[in-house]
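J.: Hey, dropping upload-v1.cif in here, mmCIF, C-alpha atoms:
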data_model
loop_
_atom_site.label_atom_id
_atom_site.label_comp_id
_atom_site.auth_asym_id
_atom_site.auth_seq_id
_atom_site.Cartn_x
_atom_site.Cartn_y
_atom_site.Cartn_z
CA ASP A 30 29.96 -97.84 -20.56
CA ASN A 31 32.39 -99.91 -22.60
CA MET A 32 31.03 -103.20 -21.24
CA GLU A 33 27.69 -102.17 -22.72
CA GLN A 34 29.39 -101.60 -26.04
CA LEU A 35 31.23 -104.94 -26.07
CA ASN A 36 29.72 -108.06 -24.57
CA PRO A 37 32.08 -110.84 -23.43
CA GLU A 38 29.29 -113.35 -24.01
CA THR A 39 29.46 -112.68 -27.76
CA ARG A 40 33.00 -114.09 -27.87
CA THR A 41 33.56 -116.73 -30.52
CA SER A 42 36.89 -118.40 -31.22
CA VAL A 43 37.79 -118.25 -34.90
CA TYR A 44 41.35 -119.57 -34.91
CA TYR A 45 43.59 -121.83 -32.83
CA GLY A 46 47.16 -122.56 -33.80
CA ILE A 47 50.28 -124.06 -32.25
CA THR A 48 53.73 -124.51 -33.77
CA PHE A 49 56.78 -126.33 -32.45
CA VAL A 50 60.15 -125.62 -34.05
CA LEU A 51 62.53 -128.52 -33.48
CA ALA A 52 66.32 -128.84 -33.66
CA ARG A 53 66.23 -131.88 -35.92
CA GLY A 54 66.19 -132.58 -39.61
CA TRP A 55 63.08 -133.87 -41.34
CA ILE A 56 62.50 -135.21 -44.85
CA ALA A 57 59.13 -135.78 -46.54
CA GLU A 58 59.75 -139.46 -47.40
CA LYS A 59 56.68 -141.21 -48.80
CA SER A 60 57.08 -144.36 -46.67
CA LYS A 61 57.41 -142.31 -43.46
CA THR A 62 54.51 -139.98 -44.26
CA VAL A 63 52.25 -143.02 -44.87
CA GLU A 64 53.36 -144.45 -41.51
CA PHE A 65 52.64 -141.07 -39.90
CA GLN A 66 49.09 -141.06 -41.34
CA LYS A 67 48.52 -144.52 -39.84
CA SER A 68 49.77 -143.26 -36.45
CA LEU A 69 47.41 -140.27 -36.73
CA ILE A 70 44.46 -142.63 -37.38
CA ASP A 71 45.50 -144.70 -34.33
CA ASN A 72 45.31 -141.45 -32.35
CA GLY A 73 41.81 -140.70 -33.65
CA LEU A 74 42.86 -138.24 -36.36
CA ASP A 75 41.79 -138.80 -39.93
CA PHE A 76 42.66 -136.29 -42.67
CA SER A 77 40.82 -136.09 -45.97
CA GLN A 78 43.63 -134.52 -48.01
CA THR A 79 47.40 -134.84 -48.03
CA ASN A 80 49.98 -133.00 -50.07
CA ILE A 81 53.77 -133.24 -50.28
CA ARG A 82 55.30 -129.99 -51.52
CA GLY A 83 59.10 -129.85 -51.55
CA ASN A 84 60.17 -130.09 -47.94
CA SER A 85 56.70 -129.97 -46.46
CA PHE A 86 53.88 -132.41 -45.83
CA VAL A 87 50.41 -130.87 -45.41
CA LEU A 88 47.34 -132.72 -44.14
CA THR A 89 43.90 -131.12 -44.08
CA ARG A 90 40.56 -132.16 -42.66
CA SER A 91 37.59 -130.06 -43.74
CA GLY A 92 34.15 -129.95 -42.20
CA PRO A 93 32.82 -128.37 -39.02
CA ALA A 94 35.86 -129.40 -36.95
CA ASN A 95 38.52 -128.60 -39.51
CA LEU A 96 42.22 -129.11 -38.87
CA THR A 97 45.39 -128.39 -40.84
CA LEU A 98 48.68 -130.03 -40.03
CA LYS A 99 52.01 -129.21 -41.64
CA LEU A 100 55.39 -130.81 -41.12
CA GLU A 101 58.14 -128.77 -42.70
CA SER A 102 61.91 -128.55 -42.84
CA ALA A 103 63.09 -124.94 -43.02
CA ALA A 104 66.84 -125.56 -42.76
CA GLN A 105 69.13 -128.56 -42.58
CA GLN A 106 68.72 -129.29 -38.88
CA VAL A 107 65.52 -127.36 -38.21
CA SER A 108 61.96 -128.60 -38.74
CA SER A 109 58.52 -127.67 -37.49
CA ILE A 110 55.14 -129.14 -36.59
CA GLN A 111 52.33 -126.65 -37.30
CA ILE A 112 48.76 -127.41 -36.17
CA ALA A 113 45.89 -125.03 -36.85
CA SER A 114 42.11 -124.83 -36.92
CA GLN A 115 40.28 -121.94 -38.61
CA ASN A 116 36.57 -121.24 -38.04
CA SER A 117 36.12 -124.64 -36.42
CA GLN A 118 32.99 -125.62 -34.49
CA GLY A 119 35.24 -127.18 -31.83
CA ASP A 120 36.40 -125.51 -28.63
CA LEU A 121 39.90 -125.03 -27.21
CA GLU A 122 39.85 -128.30 -25.25
CA MET A 123 39.06 -130.23 -28.42
CA PHE A 124 41.92 -128.49 -30.23
CA ILE A 125 44.31 -129.31 -27.35
CA HIS A 126 43.20 -132.96 -27.44
CA GLU A 127 43.87 -133.13 -31.18
CA ALA A 128 47.21 -131.29 -30.97
CA GLU A 129 48.34 -133.79 -28.33
CA GLY A 130 47.27 -136.61 -30.66
CA VAL A 131 49.36 -135.10 -33.48
CA VAL A 132 52.44 -134.90 -31.22
CA ARG A 133 51.98 -138.54 -30.11
CA ALA A 134 51.68 -139.69 -33.73
CA TYR A 135 54.78 -137.66 -34.65
CA GLN A 136 56.79 -139.28 -31.85
CA GLN A 137 55.58 -142.74 -32.88
CA SER A 138 56.68 -142.13 -36.49
CA TRP A 139 59.94 -140.30 -35.75
CA PRO A 140 61.01 -141.68 -32.36
CA ALA A 141 63.86 -140.09 -30.40
CA GLN A 142 65.17 -140.30 -26.83
CA GLN A 143 64.59 -136.57 -26.58
CA TYR A 144 63.31 -133.70 -28.68
CA GLN A 145 64.78 -130.22 -28.50
CA ILE A 146 62.10 -127.60 -29.08
CA ILE A 147 63.84 -124.39 -30.16
CA ARG A 148 60.66 -122.31 -30.06
CA SER A 149 56.96 -122.78 -29.32
CA VAL A 150 54.32 -120.45 -30.76
CA ALA A 151 50.58 -120.32 -30.08
CA LYS A 152 47.97 -118.06 -31.67
CA ILE A 153 44.31 -117.64 -30.77
CA GLN A 154 41.79 -115.33 -32.45
CA HIS A 155 38.51 -114.26 -30.85
CA LEU A 156 35.65 -112.24 -32.33
CA TYR A 157 33.44 -109.96 -30.20
CA SER A 158 30.27 -108.19 -31.27
CA SER A 159 30.02 -104.44 -30.77
CA HIS A 160 26.76 -102.43 -30.62
CA ASP A 161 28.34 -99.90 -32.93
CA HIS A 162 30.88 -99.96 -35.72
CA ALA A 163 33.84 -101.78 -34.14
CA PHE A 164 36.45 -99.28 -35.31
CA LYS A 165 34.33 -96.36 -34.06
CA TYR A 166 34.31 -98.11 -30.68
CA LEU A 167 38.09 -98.63 -30.74
CA TRP A 168 38.88 -95.09 -31.86
CA GLU A 169 36.37 -93.06 -29.88
CA GLN A 170 35.56 -95.15 -26.80
CA ARG A 171 38.75 -97.04 -26.12
CA LEU A 172 41.31 -94.53 -27.42
CA GLY A 173 39.24 -91.42 -26.65
CA GLN A 174 39.93 -89.87 -30.05
CA SER A 175 37.68 -87.70 -32.19
CA PRO A 176 36.09 -88.73 -35.52
CA LYS A 177 37.17 -85.25 -36.79
CA ASP A 178 40.81 -86.48 -36.71
CA PHE A 179 40.23 -88.30 -39.99
CA GLU A 180 39.34 -85.15 -41.90
CA SER A 181 43.02 -84.57 -42.64
CA LEU A 182 43.01 -87.81 -44.66
CA GLY A 183 40.95 -86.11 -47.37
CA LYS A 184 37.49 -86.35 -45.78
CA ARG A 185 37.27 -89.98 -46.85
CA PRO A 186 35.34 -92.47 -44.77
CA VAL A 187 37.47 -94.87 -42.70
CA ALA A 188 36.28 -98.45 -43.12
CA GLY A 189 38.33 -100.01 -40.35
CA GLY A 190 41.55 -100.12 -38.41
CA GLY A 191 43.19 -101.40 -35.28
CA ILE A 192 45.93 -101.52 -32.68
CA ARG A 193 49.01 -103.73 -32.69
CA LEU A 194 51.05 -104.24 -29.53
CA ILE A 195 54.38 -106.06 -29.21
CA LEU A 196 55.40 -107.17 -25.71
CA PRO A 197 59.00 -108.44 -25.53
CA PRO A 198 59.93 -111.69 -23.74
CA TYR A 199 59.11 -111.53 -20.05
CA ALA A 200 59.25 -114.26 -17.41
CA ASP A 201 56.32 -114.71 -15.03
CA GLN A 202 57.28 -116.09 -11.59
CA GLY A 203 59.21 -119.28 -12.21
CA LYS A 204 57.96 -119.74 -15.77
CA ASP A 205 59.85 -119.68 -19.06
CA PRO A 206 59.89 -116.23 -20.70
CA ASN A 207 57.39 -115.56 -23.48
CA SER A 208 56.77 -112.63 -25.80
CA ILE A 209 53.26 -111.58 -26.78
CA GLU A 210 51.83 -109.85 -29.82
CA ILE A 211 48.29 -108.49 -29.70
CA ARG A 212 46.26 -107.30 -32.66
CA ILE A 213 42.87 -105.69 -32.04
CA GLU A 214 41.06 -104.59 -35.17
CA SER A 215 37.67 -104.18 -36.73
CA PHE A 216 36.69 -107.31 -38.64
CA MET A 217 36.39 -106.27 -42.28
CA GLN A 218 33.70 -108.82 -43.23
CA GLU A 219 31.41 -107.66 -40.41
CA PRO A 220 32.10 -104.06 -39.29
CA ARG A 221 30.29 -104.50 -35.95
CA LYS A 222 32.75 -107.19 -34.89
CA ILE A 223 36.17 -106.81 -33.30
CA LEU A 224 38.89 -109.35 -34.01
CA VAL A 225 41.31 -109.92 -31.13
CA GLU A 226 44.40 -111.94 -32.01
CA THR A 227 46.81 -113.00 -29.27
CA THR A 228 50.08 -114.68 -30.28
CA SER A 229 52.69 -115.84 -27.83
CA VAL A 230 56.22 -117.11 -28.48
CA TRP A 231 58.38 -119.08 -26.05
CA PRO A 232 61.89 -118.45 -27.41
CA LYS A 233 63.87 -120.44 -24.84
CA PRO A 234 64.81 -123.96 -26.04
CA VAL A 235 63.41 -126.83 -23.99
CA VAL A 236 64.23 -130.53 -24.06
CA ILE A 237 61.31 -132.98 -23.97
CA LYS A 238 61.88 -136.66 -23.22
CA GLY A 239 60.67 -139.05 -25.93
CA GLY A 240 57.06 -140.01 -25.21
CA ASP A 241 56.33 -136.89 -23.14
CA ASN A 242 53.90 -134.32 -24.47
CA PHE A 243 55.15 -131.01 -25.89
CA ASN A 244 53.15 -128.93 -23.32
CA CYS A 245 50.32 -128.27 -25.84
CA ALA A 246 47.70 -127.85 -23.11
CA GLU A 247 49.74 -125.50 -20.92
CA ILE A 248 50.84 -123.32 -23.84
CA LEU A 249 47.36 -122.96 -25.36
CA ARG A 250 45.58 -122.44 -22.05
CA THR A 251 48.12 -119.76 -21.10
CA VAL A 252 47.35 -117.82 -24.30
CA GLN A 253 43.59 -118.32 -23.93
CA GLU A 254 43.62 -117.06 -20.32
CA TYR A 255 45.75 -114.04 -21.22
CA ALA A 256 43.45 -113.21 -24.18
CA THR A 257 40.24 -113.49 -22.18
CA ASP A 258 41.57 -111.79 -19.04
CA GLN A 259 44.36 -109.21 -19.56
CA VAL A 260 43.65 -108.45 -23.24
CA TRP A 261 39.89 -108.22 -22.60
CA THR A 262 40.51 -105.83 -19.68
CA PHE A 263 42.81 -103.72 -21.87
CA LEU A 264 40.18 -103.63 -24.62
CA THR A 265 37.29 -102.58 -22.39
CA GLN A 266 38.84 -100.28 -19.79
CA GLU A 267 37.44 -96.77 -19.78
CA LYS A 268 39.55 -93.89 -21.02
CA LEU A 269 39.57 -91.48 -18.10
#
Take the structure from the file and write it as structure tokens.

T.:
Amino acid sequence: DNMEQLNPETRTSVYYGITFVLARGWIAEKSKTVEFQKSLIDNGLDFSQTNIRGNSFVLTRSGPANLTLKLESAAQQVSSIQIASQNSQGDLEMFIHEAEGVVRAYQQSWPAQQYQIIRSVAKIQHLYSSHDHAFKYLWEQRLGQSPKDFESLGKRPVAGGGIRLILPPYADQGKDPNSIEIRIESFMQEPRKILVETTSVWPKPVVIKGGDNFNCAEILRTVQEYATDQVWTFLTQEKL
């Protein structure tokens, strides 16, 4: 039974990320970035390191609840806010709370009557423990393939591998369309673990009134629910 092989209770979250691409210019001016750091502190966010590189401003906070924040201008009238946490001890709700704080601080430092978000992207990575080698599980249990298939590759052992799925933009009842990319692969550092990465992109521009949140909570919870429900079901369903 595949549920025996993979236990949902072993799930750990190893990455949370959200990016907003905005239709507005942005310049890494020293005076403004200092003001932004003060706004972040007012919103309960303190970063230990800052770095201005060309057209980007990167702030990092290390420690158990790490956080990386990057403001960047990619083109003349396009800029982005990228917020990410890798291998953090915090949970999704903590990440949402902090992402909302970043957006508030951004709006306080660069106020506007409205913000046009060209694209929103969220990525979440989960790790699951497998009783066996994770790729063996994926190949033989989930895909129903034979280990003999690899003999044609020169009788070499296969250390790992995975599945990548691209789902084009699709609109769920009354919601904005979003595309989804799913990567399921054996985790190279620990062969008994499976890494499941779910990334979702909302490509339809939306206008947010100044002072309103950028839908951080809704976007991240949507990806989390999809990853732990539909993607989990896909990963564990029996091959008939």

J.: Neighbouring residues of Gln78 of chain A were defined as those with any atom within 12 Å, considering only C-alpha atoms; residues of the same chain fewer than 6 positions away were excluded. Please report them as a list in words.

T.: Gln66, Phe86, Val87, Leu88, Thr89, Arg90, Ser91, Asn95, Leu96, Thr97, Leu98 and Lys99 of chain A

J.: For the residues selected in the previous step, produce a file with C-alpha atoms as an mmCIF file, keeping the file's coordinate frame.

T.:
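File written: result-v2.cif
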data_model
loop_
_atom_site.group_PDB
_atom_site.id
_atom_site.type_symbol
_atom_site.label_atom_id
_atom_site.label_comp_id
_atom_site.auth_asym_id
_atom_site.auth_seq_id
_atom_site.Cartn_x
_atom_site.Cartn_y
_atom_site.Cartn_z
ATOM 1 C CA GLN A 66 49.090 -141.060 -41.340
ATOM 2 C CA PHE A 86 53.880 -132.410 -45.830
ATOM 3 C CA VAL A 87 50.410 -130.870 -45.410
ATOM 4 C CA LEU A 88 47.340 -132.720 -44.140
ATOM 5 C CA THR A 89 43.900 -131.120 -44.080
ATOM 6 C CA ARG A 90 40.560 -132.160 -42.660
ATOM 7 C CA SER A 91 37.590 -130.060 -43.740
ATOM 8 C CA ASN A 95 38.520 -128.600 -39.510
ATOM 9 C CA LEU A 96 42.220 -129.110 -38.870
ATOM 10 C CA THR A 97 45.390 -128.390 -40.840
ATOM 11 C CA LEU A 98 48.680 -130.030 -40.030
ATOM 12 C CA LYS A 99 52.010 -129.210 -41.640
#

J.: If you measure from atom CA of Gln118 of chain A to atom CA of Ala94 of chain A, what distance in Å do you get, rounded to one decimal?

T.: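 Between atom CA of Gln118 of chain A and atom CA of Ala94 of chain A the gap works out to 5.3 Å.
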
J.: Please compute the atom CA of Glu122 of chain A-atom CA of Val63 of chain A distance, one decimal, in Å.

T.: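 Computed distance, atom CA of Glu122 of chain A to atom CA of Val63 of chain A, equals 27.5 Å.
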
J.: With only C-alpha atoms as the basis for distance, which of A:Ser208, A:Gln202, A:Asn36, A:Ser85 is at the shortest distance from Lys233 of chain A?

T.: A:Ser208

J.: For segment 264-266 of chain A, list every protein, DNA or RNA residue within 12 Å, evaluated using only C-alpha atoms, and leave out those in the same chain fewer than 2 positions away; present the list as a VMD selection string.

T.: chain A and resid 30 to 37 157 159 163 166 to 168 170 to 173 191 to 194 211 to 214 223 to 226 256 to 262 268 to 269

J.: Restricted to C-alpha atoms, what would the selected residues look like written as an mmCIF file, in the frame of the given file?

T.:
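Output contents, as saved in again11.cif:
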data_model
loop_
_atom_site.group_PDB
_atom_site.id
_atom_site.type_symbol
_atom_site.label_atom_id
_atom_site.label_comp_id
_atom_site.auth_asym_id
_atom_site.auth_seq_id
_atom_site.Cartn_x
_atom_site.Cartn_y
_atom_site.Cartn_z
ATOM 1 C CA ASP A 30 29.960 -97.840 -20.560
ATOM 2 C CA ASN A 31 32.390 -99.910 -22.600
ATOM 3 C CA MET A 32 31.030 -103.200 -21.240
ATOM 4 C CA GLU A 33 27.690 -102.170 -22.720
ATOM 5 C CA GLN A 34 29.390 -101.600 -26.040
ATOM 6 C CA LEU A 35 31.230 -104.940 -26.070
ATOM 7 C CA ASN A 36 29.720 -108.060 -24.570
ATOM 8 C CA PRO A 37 32.080 -110.840 -23.430
ATOM 9 C CA TYR A 157 33.440 -109.960 -30.200
ATOM 10 C CA SER A 159 30.020 -104.440 -30.770
ATOM 11 C CA ALA A 163 33.840 -101.780 -34.140
ATOM 12 C CA TYR A 166 34.310 -98.110 -30.680
ATOM 13 C CA LEU A 167 38.090 -98.630 -30.740
ATOM 14 C CA TRP A 168 38.880 -95.090 -31.860
ATOM 15 C CA GLN A 170 35.560 -95.150 -26.800
ATOM 16 C CA ARG A 171 38.750 -97.040 -26.120
ATOM 17 C CA LEU A 172 41.310 -94.530 -27.420
ATOM 18 C CA GLY A 173 39.240 -91.420 -26.650
ATOM 19 C CA GLY A 191 43.190 -101.400 -35.280
ATOM 20 C CA ILE A 192 45.930 -101.520 -32.680
ATOM 21 C CA ARG A 193 49.010 -103.730 -32.690
ATOM 22 C CA LEU A 194 51.050 -104.240 -29.530
ATOM 23 C CA ILE A 211 48.290 -108.490 -29.700
ATOM 24 C CA ARG A 212 46.260 -107.300 -32.660
ATOM 25 C CA ILE A 213 42.870 -105.690 -32.040
ATOM 26 C CA GLU A 214 41.060 -104.590 -35.170
ATOM 27 C CA ILE A 223 36.170 -106.810 -33.300
ATOM 28 C CA LEU A 224 38.890 -109.350 -34.010
ATOM 29 C CA VAL A 225 41.310 -109.920 -31.130
ATOM 30 C CA GLU A 226 44.400 -111.940 -32.010
ATOM 31 C CA ALA A 256 43.450 -113.210 -24.180
ATOM 32 C CA THR A 257 40.240 -113.490 -22.180
ATOM 33 C CA ASP A 258 41.570 -111.790 -19.040
ATOM 34 C CA GLN A 259 44.360 -109.210 -19.560
ATOM 35 C CA VAL A 260 43.650 -108.450 -23.240
ATOM 36 C CA TRP A 261 39.890 -108.220 -22.600
ATOM 37 C CA THR A 262 40.510 -105.830 -19.680
ATOM 38 C CA LYS A 268 39.550 -93.890 -21.020
ATOM 39 C CA LEU A 269 39.570 -91.480 -18.100
#

J.: Name the residues in contact with segment 175-188 of chain A at a cut-off of 10 Å, using only C-alpha atoms, excluding same-chain residues fewer than 6 positions from it; report them as a ChimeraX atom specification.

T.: /A:162-165,168-169,215-217,220

J.: Let me make sure I understand: among A:Pro197, A:Gly54, A:Gly240, A:Pro206, which one has the smallest atom-to-atom distance to Gly130 of chain A if we use all atoms listed in the file?

T.: A:Gly240

J.: Taking all atoms listed in the file into account, name the residue in A:Ser229, A:Gln105, A:Asn72, A:Thr39 that is nearest to Val252 of chain A.

T.: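 Looking at the shortest contact to Val252 of chain A, the residue is A:Ser229.
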
J.: Provide the atom CA of Arg82 of chain A to atom CA of Pro140 of chain A distance in Å, to one decimal place.

T.: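 Here the two named atoms are 23.2 Å from each other.
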
J.: Run through the PyMOL selection byres ((chain A and resi 145) around 6) on the given coordinates and return the selected residues as a PyMOL selection string.

T.: chain A and resi 51-52+144+146+235-236

J.: Which residue is closest to Asn207 of chain A? Choose from A:Ile237, A:Cys245, A:Ile125, A:Val150 and count all atoms listed in the file.

T.: A:Val150

J.: Here is a test: counting all atoms listed in the file, which residue of A:Tyr199, A:Ser77, A:His160, A:Lys61 is nearest to Gly92 of chain A?

T.: A:Ser77

J.: Could you check which of A:Ile110, A:Ala246, A:Ala57, A:Ile81 is closest to Arg148 of chain A, using only C-alpha atoms?

T.: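 Comparing A:Ile110, A:Ala246, A:Ala57, A:Ile81 against Arg148 of chain A, the winner is A:Ile110.
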
J.: Tell me, as a list in words, which residues lie within 12 Å of Gly73 of chain A, counting only C-alpha atoms; anything in the same chain fewer than 4 positions away does not count.

T.: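 The filter keeps Gln66, Lys67, Ser68, Leu69, His126, Glu127, Ala128, Glu129, Gly130, Val131, Arg133 and Ala134 of chain A.
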